[in-house]
$ cat my_file.txt   # compact mmCIF, C-alpha atoms
# COMPACT_ATOMS: atom_id res chain seq x y z
CA MET A 428 0.00 0.00 0.00
CA SER A 429 1.45 3.30 -1.08
CA ASP A 430 1.50 6.49 0.97
CA PHE A 431 1.56 8.58 -2.20
CA VAL A 432 -0.94 9.42 -4.92
CA LEU A 433 0.16 10.66 -8.34
CA VAL A 434 -1.53 13.99 -9.13
CA GLY A 435 -0.53 15.21 -12.56
CA ASP A 436 3.25 15.35 -12.47
CA LYS A 437 3.34 15.84 -8.69
CA ILE A 438 3.17 13.35 -5.86
CA LEU A 439 0.62 14.03 -3.11
CA ASN A 440 1.24 12.05 0.06
CA ASN A 441 -1.46 10.95 2.49
CA LEU A 442 -0.58 13.66 5.01
CA ASP A 443 -0.88 16.40 2.37
CA GLU A 444 -4.18 14.91 1.25
CA LYS A 445 -5.40 14.81 4.87
CA ILE A 446 -4.48 18.50 5.32
CA LEU A 447 -6.19 19.53 2.07
CA LYS A 448 -9.33 17.57 3.00
CA ALA A 449 -9.39 19.19 6.44
CA ILE A 450 -9.11 22.68 4.93
CA LYS A 451 -11.92 21.86 2.49
CA ALA A 452 -14.08 20.48 5.32
CA LEU A 453 -13.60 23.64 7.39
CA SER A 454 -14.20 25.98 4.44
CA PRO A 455 -13.86 25.07 0.76
CA THR A 456 -13.26 28.65 -0.42
CA SER A 457 -12.36 30.90 2.53
CA PHE A 458 -9.38 31.13 4.84
CA VAL A 459 -9.41 28.87 7.93
CA GLY A 460 -7.52 29.47 11.14
CA ALA A 461 -4.28 27.55 11.61
CA ALA A 462 -5.24 26.58 15.18
CA GLU A 463 -8.58 25.23 13.97
CA LEU A 464 -6.83 23.25 11.22
CA SER A 465 -4.29 21.91 13.70
CA ASP A 466 -7.11 20.64 15.93
CA LYS A 467 -8.77 18.92 12.97
CA VAL A 468 -5.72 17.10 11.54
CA LYS A 469 -4.19 16.28 14.94
CA ILE A 470 -0.52 16.41 13.98
CA ASP A 471 2.37 18.30 15.53
CA LYS A 472 2.04 22.04 14.85
CA LYS A 473 5.62 22.33 13.59
CA ASP A 474 5.10 19.43 11.16
CA LEU A 475 1.79 20.92 10.04
CA GLY A 476 3.48 24.27 9.38
CA ASN A 477 6.19 22.57 7.33
CA ARG A 478 3.64 20.62 5.26
CA ILE A 479 1.59 23.79 4.68
CA MET A 480 4.72 25.59 3.45
CA THR A 481 5.37 22.71 1.02
CA LEU A 482 1.76 22.90 -0.17
CA LYS A 483 2.16 26.68 -0.57
CA GLU A 484 5.29 26.23 -2.68
CA SER A 485 3.41 23.77 -4.90
CA GLY A 486 0.55 26.27 -5.30
CA LYS A 487 -2.11 24.19 -3.55
CA VAL A 488 -2.77 26.61 -0.65
CA ASP A 489 -2.52 30.31 0.14
CA ILE A 490 -1.42 31.44 3.60
CA VAL A 491 -1.59 34.49 5.85
CA THR A 492 1.23 35.07 8.34
CA LYS A 493 1.80 37.34 11.34
CA GLU A 494 4.96 38.92 12.68
CA PHE A 495 4.78 37.04 15.97
CA VAL A 496 3.77 33.59 17.21
CA SER A 497 0.66 33.30 19.36
CA SER A 498 -1.70 30.54 20.42
CA MET A 499 -3.60 31.11 17.17
CA THR A 500 -0.57 30.66 14.89
CA LEU A 501 1.69 27.80 13.95
CA PRO A 502 5.36 28.01 14.99
CA ASN A 503 6.30 29.33 11.53
CA PHE A 504 3.91 32.32 11.92
CA ILE A 505 1.08 30.89 9.76
CA THR A 506 -2.31 32.16 10.97
CA LYS A 507 -4.66 31.27 8.12
CA VAL A 508 -4.76 28.85 5.20
CA ARG A 509 -7.07 28.39 2.23
CA LEU A 510 -7.26 26.04 -0.74
CA THR A 511 -6.34 27.35 -4.16
CA GLU A 512 -7.90 26.07 -7.36
CA ALA A 513 -4.85 23.80 -7.75
CA GLY A 514 -5.51 22.38 -4.26
CA ARG A 515 -9.13 21.64 -5.10
CA GLU A 516 -8.04 19.99 -8.37
CA ALA A 517 -5.47 17.88 -6.49
CA LEU A 518 -8.21 16.64 -4.18
CA LYS A 519 -10.45 15.76 -7.13
CA LYS A 520 -7.64 13.88 -8.84
CA SER A 521 -6.61 12.06 -5.66
CA ARG A 522 -10.21 10.85 -5.24
CA SER A 523 -10.36 9.64 -8.83
CA THR A 524 -7.08 7.75 -8.39
CA SER A 525 -7.90 6.42 -4.93
CA LYS A 526 -7.00 2.88 -4.11
CA PRO A 527 -9.30 0.24 -5.57
CA SER A 528 -11.07 -2.11 -3.24
CA ASN A 529 -9.02 -5.12 -2.21
CA ARG A 530 -12.10 -7.33 -2.34
CA VAL A 531 -11.99 -9.64 -5.32
CA GLY A 532 -14.59 -12.13 -6.37
CA LEU A 533 -17.92 -13.01 -4.86
CA LYS A 534 -18.10 -14.14 -1.27
CA ILE A 535 -20.37 -17.13 -0.81
CA ASN A 536 -22.28 -17.27 2.46
CA MET A 537 -22.40 -21.02 2.78
CA LYS A 538 -20.91 -23.34 5.30
CA PRO A 539 -17.70 -24.86 3.90
CA ASN A 540 -19.02 -28.41 4.11
CA LEU A 541 -21.97 -27.45 1.85
CA LEU A 542 -19.77 -26.09 -0.94
CA PRO A 543 -19.19 -28.25 -3.99
CA ASP A 544 -15.74 -29.89 -3.99
CA ARG A 545 -14.54 -27.77 -6.93
CA LEU A 546 -15.12 -24.57 -4.90
CA LYS A 547 -13.31 -25.92 -1.85
CA GLU A 548 -10.13 -26.04 -3.90
CA TYR A 549 -10.32 -22.30 -4.63
CA PRO A 550 -11.41 -20.56 -1.43
CA ILE A 551 -12.65 -16.98 -1.73
CA GLY A 552 -11.88 -14.33 0.90
$ encode --input "my_file.txt" --output "structure tokens"
Amino acid sequence: MSDFVLVGDKILNNLDEKILKAIKALSPTSFVGAAELSDKVKIDKKDLGNRIMTLKESGKVDIVTKEFVSSMTLPNFITKVRLTEAGREALKKSRSTSKPSNRVGLKINMKPNLLPDRLKEYPIG
């Protein structure tokens, strides 16, 4: 199982996808507070700030910063974050390339001793 999803020519990892989904859940078009986002994704604030900066560099989010750190900012001065059009597109593409189900075949709800012998040789599930 891969931790990365191919989005265009860029790789979007599960953590980035989780952050983008959290931003979209809080507000798909407006800025959301960094503290509110941190509470939703439940990862270390420093790590979250680093991932947001990476997402900013790739054009998937816009940020607002302050000159000082407070309880409402991340350690790297980020106070607000919002999805860009590229971020929304990345989420759409990651959903369309999501992992297929690992269930294969038809599961038969019969007791094993009632199955025909030819099916006992090829168990399903």
$ residues_near_point --input "my_file.txt" --point "(-8.3, 25.3, 16.5)" --cutoff "12 Å" --atoms "all atoms listed in the file" --output "list in words"
Ala449, Ile450, Leu453, Val459, Gly460, Ala461, Ala462, Glu463, Leu464, Ser465, Asp466, Lys467, Val468, Lys469, Lys472, Ser498, Met499, Thr500, Leu501, Thr506 and Lys507 of chain A
$ atom_distance --input "my_file.txt" --atom1 "CA of Pro455 (chain A)" --atom2 "CA of Thr511 (chain A)"
9.3 Å
$ closest_residue --input "my_file.txt" --among "A:Glu494, A:Ala513, A:Ile505, A:Ala452" --to "Met480 (chain A)" --atoms "only C-alpha atoms"
A:Ile505
$ atom_distance --input "my_file.txt" --atom1 "CA of Gly486 (chain A)" --atom2 "CA of Gly514 (chain A)"
7.3 Å
$ residues_around --input "my_file.txt" --residues "Lys448 (chain A)" --least-positions-apart "2" --cutoff "12 Å" --atoms "all atoms listed in the file" --output "list in words"
Asn441, Leu442, Asp443, Glu444, Lys445, Ile446, Ile450, Lys451, Ala452, Leu453, Ser454, Pro455, Leu464, Lys467, Val468, Lys487, Val488, Arg509, Leu510, Gly514, Arg515, Glu516, Ala517, Leu518, Lys519, Ser521 and Arg522 of chain A
$ atom_distance --input "my_file.txt" --atom1 "CA of Asn440 (chain A)" --atom2 "CA of Lys493 (chain A)"
27.7 Å
$ closest_residue --input "my_file.txt" --among "A:Thr456, A:Glu512, A:Leu447, A:Lys520" --to "Leu482 (chain A)" --atoms "all atoms listed in the file"
A:Leu447
$ closest_residue --input "my_file.txt" --among "A:Phe458, A:Asn477, A:Ile470, A:Phe504" --to "Asp489 (chain A)" --atoms "only C-alpha atoms"
A:Phe458
$ closest_residue --input "my_file.txt" --among "A:Ile490, A:Val496, A:Ile479, A:Ser485" --to "Val508 (chain A)" --atoms "all atoms listed in the file"
A:Ile490
